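Visitor: Below is the file final.tsv, with TSV, C-alpha atoms and all ligand atoms.
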chain	number	residue	atom	x	y	z
A	1	MET	CA	52.43	270.78	-46.94
A	2	ARG	CA	52.84	273.72	-49.33
A	3	ARG	CA	52.90	277.13	-47.71
A	4	PRO	CA	50.46	279.53	-49.42
A	5	LEU	CA	51.85	282.62	-51.13
A	6	ILE	CA	49.99	285.73	-52.20
A	7	ALA	CA	51.87	288.12	-54.48
A	8	GLY	CA	50.66	291.56	-55.53
A	9	ASN	CA	51.93	292.63	-58.95
A	10	TRP	CA	51.50	296.38	-59.13
A	11	LYS	CA	52.58	296.43	-62.81
A	12	MET	CA	53.25	300.05	-63.90
A	13	ASN	CA	51.10	301.45	-61.10
A	14	GLY	CA	51.62	302.85	-57.63
A	15	SER	CA	53.35	305.78	-56.02
A	16	THR	CA	55.42	306.56	-52.93
A	17	ALA	CA	52.10	307.29	-51.21
A	18	LEU	CA	50.85	303.78	-51.98
A	19	VAL	CA	54.08	302.24	-50.71
A	20	LYS	CA	53.62	304.16	-47.48
A	21	ALA	CA	49.96	303.12	-47.20
A	22	PHE	CA	50.94	299.46	-47.54
A	23	GLY	CA	53.64	299.81	-44.90
A	24	GLU	CA	51.14	301.33	-42.49
A	25	ALA	CA	48.23	298.99	-43.24
A	26	PHE	CA	50.25	295.82	-42.97
A	27	SER	CA	52.23	296.70	-39.88
A	28	ALA	CA	48.96	297.23	-38.05
A	29	ALA	CA	47.12	294.33	-39.62
A	30	LYS	CA	47.69	290.80	-38.51
A	31	LEU	CA	48.47	288.69	-41.52
A	32	PRO	CA	48.04	284.95	-41.07
A	33	ALA	CA	51.44	283.58	-40.03
A	34	SER	CA	50.91	280.63	-42.34
A	35	VAL	CA	50.97	282.76	-45.52
A	36	ASP	CA	53.86	284.39	-47.40
A	37	VAL	CA	52.91	287.78	-48.80
A	38	VAL	CA	54.94	289.50	-51.50
A	39	VAL	CA	54.50	292.99	-52.95
A	40	ILE	CA	55.92	293.61	-56.42
A	41	PRO	CA	56.14	297.35	-57.12
A	42	PRO	CA	57.87	299.04	-60.08
A	43	PHE	CA	61.68	299.33	-59.75
A	44	PRO	CA	61.84	302.96	-58.55
A	45	TYR	CA	59.80	302.12	-55.45
A	46	LEU	CA	61.82	299.13	-54.28
A	47	GLU	CA	64.02	300.99	-51.83
A	48	ALA	CA	61.11	302.98	-50.36
A	49	ALA	CA	59.16	299.72	-50.07
A	50	ARG	CA	62.02	297.97	-48.34
A	51	GLN	CA	62.03	300.71	-45.72
A	52	ALA	CA	58.25	300.98	-45.41
A	53	PHE	CA	57.87	297.21	-45.05
A	54	ASN	CA	60.57	296.89	-42.43
A	55	ASP	CA	58.13	296.26	-39.57
A	56	THR	CA	55.73	294.17	-41.64
A	57	PRO	CA	55.80	290.56	-42.84
A	58	LEU	CA	55.65	291.82	-46.46
A	59	LYS	CA	58.39	290.54	-48.73
A	60	LEU	CA	59.64	292.25	-51.87
A	61	GLY	CA	59.45	291.13	-55.46
A	62	ALA	CA	60.45	292.65	-58.82
A	63	GLN	CA	58.60	292.50	-62.13
A	64	THR	CA	61.44	291.44	-64.43
A	65	LEU	CA	65.24	291.33	-64.70
A	66	ASN	CA	67.85	291.28	-67.42
A	67	PRO	CA	69.63	287.97	-68.06
A	68	GLN	CA	73.04	289.68	-67.88
A	69	HIS	CA	74.87	290.51	-64.69
A	70	SER	CA	75.97	293.99	-65.77
A	71	GLY	CA	77.12	295.92	-68.82
A	72	ALA	CA	75.89	297.99	-71.73
A	73	HIS	CA	72.14	297.28	-71.47
A	74	THR	CA	70.55	300.71	-71.26
A	75	GLY	CA	67.31	300.71	-69.33
A	76	GLU	CA	67.76	297.24	-67.83
A	77	VAL	CA	68.17	295.97	-64.27
A	78	SER	CA	70.11	292.88	-63.18
A	79	GLY	CA	69.35	290.20	-60.61
A	80	GLY	CA	72.36	291.23	-58.53
A	81	MET	CA	71.00	294.77	-58.27
A	82	LEU	CA	67.59	293.50	-57.17
A	83	GLN	CA	69.16	291.25	-54.60
A	84	GLU	CA	71.08	294.21	-53.20
A	85	PHE	CA	67.76	295.99	-52.66
A	86	GLY	CA	66.28	293.21	-50.56
A	87	VAL	CA	64.25	291.67	-53.37
A	88	GLU	CA	63.51	287.96	-52.84
A	89	TYR	CA	61.16	287.13	-55.73
A	90	VAL	CA	61.06	288.08	-59.40
A	91	LEU	CA	58.43	287.54	-62.10
A	92	VAL	CA	59.60	286.02	-65.36
A	93	GLY	CA	57.54	285.46	-68.48
A	94	HIS	CA	54.53	287.55	-67.48
A	95	SER	CA	52.11	287.56	-70.42
A	96	GLU	CA	52.44	291.34	-70.71
A	97	ARG	CA	56.20	290.91	-71.18
A	98	ARG	CA	55.63	288.08	-73.66
A	99	GLN	CA	53.06	290.08	-75.66
A	100	LEU	CA	54.11	293.73	-75.38
A	101	TYR	CA	57.87	293.20	-75.30
A	102	ARG	CA	58.00	290.03	-77.39
A	103	GLU	CA	59.78	287.87	-74.83
A	104	ASN	CA	59.96	284.30	-76.11
A	105	ASP	CA	60.46	281.06	-74.17
A	106	GLU	CA	64.23	281.21	-74.62
A	107	GLN	CA	64.47	284.72	-73.20
A	108	VAL	CA	62.18	283.77	-70.34
A	109	PHE	CA	64.48	280.85	-69.57
A	110	ASP	CA	67.56	283.11	-69.61
A	111	ARG	CA	65.90	285.51	-67.18
A	112	LEU	CA	64.90	282.66	-64.91
A	113	MET	CA	68.47	281.37	-64.85
A	114	ALA	CA	69.72	284.86	-64.01
A	115	ALA	CA	67.24	285.02	-61.13
A	116	LEU	CA	68.46	281.71	-59.74
A	117	ALA	CA	72.10	282.79	-60.14
A	118	SER	CA	71.35	285.86	-58.00
A	119	GLY	CA	69.59	283.86	-55.31
A	120	LEU	CA	66.14	285.18	-56.23
A	121	THR	CA	63.04	282.98	-56.37
A	122	PRO	CA	61.61	283.13	-59.90
A	123	ILE	CA	57.85	283.14	-60.38
A	124	LEU	CA	57.42	281.73	-63.89
A	125	CYS	CA	54.19	283.02	-65.44
A	126	VAL	CA	52.37	280.95	-68.03
A	127	GLY	CA	48.93	281.02	-69.62
A	128	GLU	CA	46.92	280.71	-72.81
A	129	THR	CA	45.14	283.39	-74.83
A	130	LEU	CA	41.39	283.25	-75.42
A	131	GLU	CA	42.02	282.17	-79.00
A	132	GLU	CA	44.16	279.27	-77.79
A	133	ARG	CA	41.56	278.24	-75.20
A	134	ASP	CA	38.79	278.35	-77.78
A	135	ALA	CA	40.90	276.16	-80.06
A	136	ASP	CA	41.30	273.63	-77.22
A	137	ARG	CA	45.01	274.29	-77.05
A	138	THR	CA	45.22	275.39	-73.40
A	139	MET	CA	47.18	272.43	-72.04
A	140	GLU	CA	49.47	272.30	-75.06
A	141	VAL	CA	50.39	275.99	-74.74
A	142	VAL	CA	50.80	275.98	-70.97
A	143	LEU	CA	52.89	272.82	-70.91
A	144	ARG	CA	55.07	274.17	-73.72
A	145	GLN	CA	55.79	277.28	-71.64
A	146	VAL	CA	56.40	275.25	-68.47
A	147	GLY	CA	58.28	272.48	-70.25
A	148	TYR	CA	60.66	274.77	-72.12
A	149	VAL	CA	62.01	275.93	-68.77
A	150	MET	CA	61.63	272.86	-66.56
A	151	ALA	CA	63.18	270.42	-69.01
A	152	ARG	CA	66.35	272.54	-69.12
A	153	LEU	CA	66.80	272.84	-65.36
A	154	GLU	CA	68.78	270.64	-63.02
A	155	THR	CA	66.76	269.12	-60.18
A	156	ALA	CA	68.32	271.45	-57.62
A	157	HIS	CA	67.04	274.44	-59.60
A	158	ARG	CA	63.66	272.94	-60.42
A	159	THR	CA	62.73	272.92	-56.73
A	160	LYS	CA	63.26	276.68	-56.50
A	161	VAL	CA	60.76	277.72	-59.18
A	162	ILE	CA	57.22	278.91	-58.45
A	163	ILE	CA	54.74	278.77	-61.33
A	164	ALA	CA	51.87	281.21	-61.80
A	165	TYR	CA	49.08	280.14	-64.13
A	166	GLU	CA	47.54	283.29	-65.54
A	167	PRO	CA	45.07	282.77	-68.39
A	168	VAL	CA	45.65	285.84	-70.59
A	169	TRP	CA	41.90	286.30	-71.12
A	170	ALA	CA	41.39	286.62	-67.36
A	171	ILE	CA	44.04	289.31	-66.78
A	172	GLY	CA	42.59	292.73	-66.11
A	173	THR	CA	39.28	291.75	-67.66
A	174	GLY	CA	37.23	291.02	-64.56
A	175	ARG	CA	36.64	287.61	-66.11
A	176	THR	CA	38.13	285.07	-63.71
A	177	ALA	CA	38.74	281.46	-64.64
A	178	THR	CA	36.26	279.30	-62.76
A	179	PRO	CA	37.86	277.39	-59.89
A	180	GLU	CA	37.34	274.21	-61.95
A	181	GLN	CA	39.03	275.66	-65.04
A	182	ALA	CA	42.01	276.87	-62.99
A	183	GLN	CA	42.24	273.60	-61.07
A	184	GLU	CA	42.22	271.53	-64.25
A	185	VAL	CA	45.19	273.37	-65.76
A	186	MET	CA	47.10	273.52	-62.50
A	187	ALA	CA	46.65	269.81	-61.88
A	188	GLY	CA	48.03	269.34	-65.40
A	189	ILE	CA	51.11	271.41	-64.57
A	190	ARG	CA	51.69	269.41	-61.39
A	191	ALA	CA	51.28	266.13	-63.27
A	192	TYR	CA	53.82	267.32	-65.82
A	193	GLN	CA	56.26	268.12	-63.02
A	194	ALA	CA	55.65	264.64	-61.61
A	195	SER	CA	57.08	263.22	-64.81
A	196	PHE	CA	60.46	264.52	-63.56
A	197	ASP	CA	60.03	263.69	-59.90
A	198	ILE	CA	56.90	262.94	-57.87
A	199	ALA	CA	58.21	264.41	-54.62
A	200	LEU	CA	59.18	267.56	-56.46
A	201	ALA	CA	55.73	267.86	-57.98
A	202	GLU	CA	54.21	267.68	-54.51
A	203	GLN	CA	56.38	270.60	-53.39
A	204	LEU	CA	55.80	272.75	-56.48
A	205	LYS	CA	54.06	275.98	-55.53
A	206	LEU	CA	51.35	276.98	-58.01
A	207	LEU	CA	49.69	280.40	-58.03
A	208	TYR	CA	46.56	281.43	-59.89
A	209	GLY	CA	46.41	284.90	-61.49
A	210	GLY	CA	43.74	286.70	-63.47
A	211	SER	CA	41.10	288.99	-61.91
A	212	MET	CA	41.55	287.45	-58.47
A	213	ASN	CA	39.81	289.65	-55.91
A	214	ALA	CA	38.51	289.68	-52.35
A	215	ASN	CA	35.26	288.01	-53.45
A	216	ASN	CA	36.57	285.11	-55.52
A	217	ALA	CA	39.91	284.38	-53.81
A	218	ALA	CA	38.64	281.92	-51.19
A	219	GLU	CA	36.93	279.72	-53.76
A	220	LEU	CA	39.99	279.63	-56.01
A	221	LEU	CA	42.39	279.03	-53.13
A	222	ALA	CA	40.25	276.12	-51.91
A	223	GLN	CA	41.23	274.10	-54.99
A	224	PRO	CA	43.69	271.31	-54.21
A	225	ASP	CA	46.37	272.43	-56.69
A	226	ILE	CA	46.11	276.19	-56.11
A	227	ASP	CA	48.65	277.27	-53.50
A	228	GLY	CA	48.27	281.01	-53.79
A	229	GLY	CA	47.59	283.96	-56.02
A	230	LEU	CA	49.29	286.47	-58.28
A	231	VAL	CA	47.08	289.51	-57.95
A	232	GLY	CA	47.10	292.56	-60.23
A	233	GLY	CA	44.37	295.20	-59.88
A	234	ALA	CA	43.21	294.11	-56.42
A	235	SER	CA	46.77	294.36	-55.09
A	236	LEU	CA	46.64	298.15	-55.43
A	237	LYS	CA	44.12	298.55	-52.62
A	238	THR	CA	45.27	297.74	-49.09
A	239	ASP	CA	41.84	296.48	-47.95
A	240	ASP	CA	41.28	294.19	-50.93
A	241	PHE	CA	44.79	292.81	-50.85
A	242	TYR	CA	44.58	292.25	-47.12
A	243	ALA	CA	41.29	290.36	-47.54
A	244	ILE	CA	42.84	288.11	-50.20
A	245	CYS	CA	45.78	287.36	-47.89
A	246	GLN	CA	43.32	286.49	-45.11
A	247	SER	CA	41.48	284.03	-47.32
A	248	ALA	CA	44.77	282.20	-47.98
A	249	GLY	CA	45.38	281.66	-44.25
B	1	LIG	P1	44.64	291.24	-62.63
B	1	LIG	O1	44.50	290.69	-61.23
B	1	LIG	O2	44.53	292.74	-62.69
B	1	LIG	O3	43.75	290.53	-63.58
B	1	LIG	O4	46.16	290.93	-63.09
B	1	LIG	C1	46.65	289.64	-62.94
B	1	LIG	C2	48.09	289.67	-63.25
B	1	LIG	O5	48.49	289.80	-64.39
B	1	LIG	C3	49.05	289.53	-62.14
B	1	LIG	O6	50.34	289.33	-62.61
How would this structure read if it were set down as structure tokens?
Ligand code: 13P
Guide:
Amino acid sequence: MRRPLIAGNWKMNGSTALVKAFGEAFSAAKLPASVDVVVIPPFPYLEAARQAFNDTPLKLGAQTLNPQHSGAHTGEVSGGMLQEFGVEYVLVGHSERRQLYRENDEQVFDRLMAALASGLTPILCVGETLEERDADRTMEVVLRQVGYVMARLETAHRTKVIIAYEPVWAIGTGRTATPEQAQEVMAGIRAYQASFDIALAEQLKLLYGGSMNANNAAELLAQPDIDGGLVGGASLKTDDFYAICQSAG
């Protein structure tokens, strides 16, 4: 049985006030014990979040990391540093990083390896653009992104990776993939993983991301291959995020 996970990616949003609001809302609220909930704020808020979430079940994630352990990399943050701040999860290969900062599959792989080396759980983000979907290239693109990483990993590492399917055209657009569209791709990712190891494919945790909100979460999460969500905009409001977590329970 795969344990559901809901992760809130704040992107370059939030404030100390929002961190505090989350700490207060979620210490009072009763989250379903069967769900893991992760909040992923920008770097400067990690320490405040660690303190504010102390009495809550909320876990901490980071939005990216540098592949190197330390050194002359101005502006970058390493996995070891994140780990020291209580971070347990880290996003790699988010489409905004791929598009705006030109991260390619090789760089995504290097970051994922750095996450594993620091004991962090990588959430590998994959997804097609609208152009690619319209050209019927969705599966090809998604499996290239997944395959580039998975084919290079040892089995022991493969079990530690979470994959988030985020169709680029659904991110921040209010246009969610239909549950059927999401399920189709996610079943394809699981089938690909089964080509390495069937038991491993059964364990693989798959998250859907792209305009997930309190109204559509339950329907998406009801799909057999969707084990959770990677939430952007709706993770900035305590009530909405709480409602999404409830629908995963
Ligand atoms: P939205 O939920 O705002 O569409 O963002 C999804 C996302 O990119 C999460 O990583």
Visitor: Could you give me, as a PyMOL selection string, the residues within 9 Å of range 118-128 of chain A, counting all atoms listed in the file and dropping anything in the same chain fewer than 2 positions from it?
Guide: chain A and resi 61+69+78-83+87-95+108+111-116+130-133+137-139+141-143+145-146+149+160-169+207+209
Visitor: 7 Å from ligand LIG 1 (chain B) is the threshold here; counting only C-alpha atoms and all ligand atoms, which polymer residues fall inside it? Answer as a list in words.
Guide: Asn9, His94, Glu166, Ala170, Ile171, Gly172, Thr173, Gly174, Gly209, Gly210, Ser211, Met212, Leu230, Val231, Gly232, Gly233 and Ala234 of chain A
Visitor: Considering all atoms listed in the file, state which residue in the set A:Leu46, A:Ala156, A:Val35, A:Met1 is at the smallest distance from Lys20 in chain A.
Guide: A:Leu46
Visitor: Measure the distance from CA of Ala62 in chain A to CA of Ala194 in chain A in Å and round it to one decimal.
Guide: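 We find that CA of Ala62 in chain A and CA of Ala194 in chain A lie 28.6 Å from each other.
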Visitor: So the first atom is CA of Phe53 in chain A and the second is CA of Ala25 in chain A; what is the distance between them in Å, to one decimal place?
Guide: 10.0 Å
Visitor: Would you work out the distance separating CA of Gly8 in chain A from CA of Glu154 in chain A, expressed in Å to one decimal?
Guide: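 Result for CA of Gly8 in chain A versus CA of Glu154 in chain A: 28.7 Å, one decimal.
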Visitor: Using only C-alpha atoms, which of A:Ala117, A:Ile244, A:Val19, A:Ala135 sits nearest Ala217 in chain A?
Guide: A:Ile244
Visitor: Between A:Pro57, A:Arg3, A:Phe22, A:Ala177, which is the closest to Leu220 in chain A once you count only C-alpha atoms?
Guide: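 Using only C-alpha atoms, Leu220 in chain A sits closest to A:Ala177.
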Visitor: Using only C-alpha atoms, which protein or nucleic acid residues come within 10 Å of Asp197 in chain A? Drop anything in the same chain fewer than 6 positions from it, and give the result as a ChimeraX atom specification.
Guide: /A:155,158,191
Visitor: Store the residues of this selection in a file with C-alpha atoms, as a short mmCIF file (atom, residue, chain, number, x, y, z; two decimals), keeping the file's coordinate frame.
Guide:
data_model
loop_
_atom_site.label_atom_id
_atom_site.label_comp_id
_atom_site.auth_asym_id
_atom_site.auth_seq_id
_atom_site.Cartn_x
_atom_site.Cartn_y
_atom_site.Cartn_z
CA THR A 155 66.76 269.12 -60.18
CA ARG A 158 63.66 272.94 -60.42
CA ALA A 191 51.28 266.13 -63.27
#
Visitor: Need to verify the contact set: Pro179 in chain A, 10 Å, all atoms listed in the file, exclusion of same-chain residues closer than 5 positions in sequence. Can you return it as a PDB file with C-alpha atoms, in the coordinates of the input?
Guide:
ATOM      1  CA  GLU A 184      42.220 271.530 -64.250  1.00  0.00           C
ATOM      2  CA  TYR A 208      46.560 281.430 -59.890  1.00  0.00           C
ATOM      3  CA  ASN A 216      36.570 285.110 -55.520  1.00  0.00           C
ATOM      4  CA  ALA A 217      39.910 284.380 -53.810  1.00  0.00           C
ATOM      5  CA  ALA A 218      38.640 281.920 -51.190  1.00  0.00           C
ATOM      6  CA  GLU A 219      36.930 279.720 -53.760  1.00  0.00           C
ATOM      7  CA  LEU A 220      39.990 279.630 -56.010  1.00  0.00           C
ATOM      8  CA  LEU A 221      42.390 279.030 -53.130  1.00  0.00           C
ATOM      9  CA  ALA A 222      40.250 276.120 -51.910  1.00  0.00           C
ATOM     10  CA  GLN A 223      41.230 274.100 -54.990  1.00  0.00           C
ATOM     11  CA  ILE A 226      46.110 276.190 -56.110  1.00  0.00           C
TER      12      ILE A 226
END
Visitor: Measuring atom to atom with all atoms listed in the file, identify which of A:Asn66, A:Gln107, A:Thr238, A:Asn213 is nearest to Ser27 in chain A.
Guide: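 So, comparing all the options, the nearest one is A:Thr238.
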Visitor: With distances taken over only C-alpha atoms, which residue among A:Asp240, A:Gly229, A:Glu24, A:Ala182 lies nearest Val37 in chain A?
Guide: A:Gly229
Visitor: I'd like the neighbourhood of Gly228 in chain A as a list in words, where a residue qualifies if any of its atoms comes within 6 Å (using all atoms listed in the file), though same-chain residues fewer than 3 positions away should be ignored.
Guide: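 Answer for this query is Pro4, Leu5, Ile6 and Leu207 of chain A.
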Visitor: Nearest to Tyr45 in chain A among A:Ala187, A:Leu65, A:Val77, A:Leu60, with distances taken over only C-alpha atoms: which residue is it?
Guide: A:Leu60
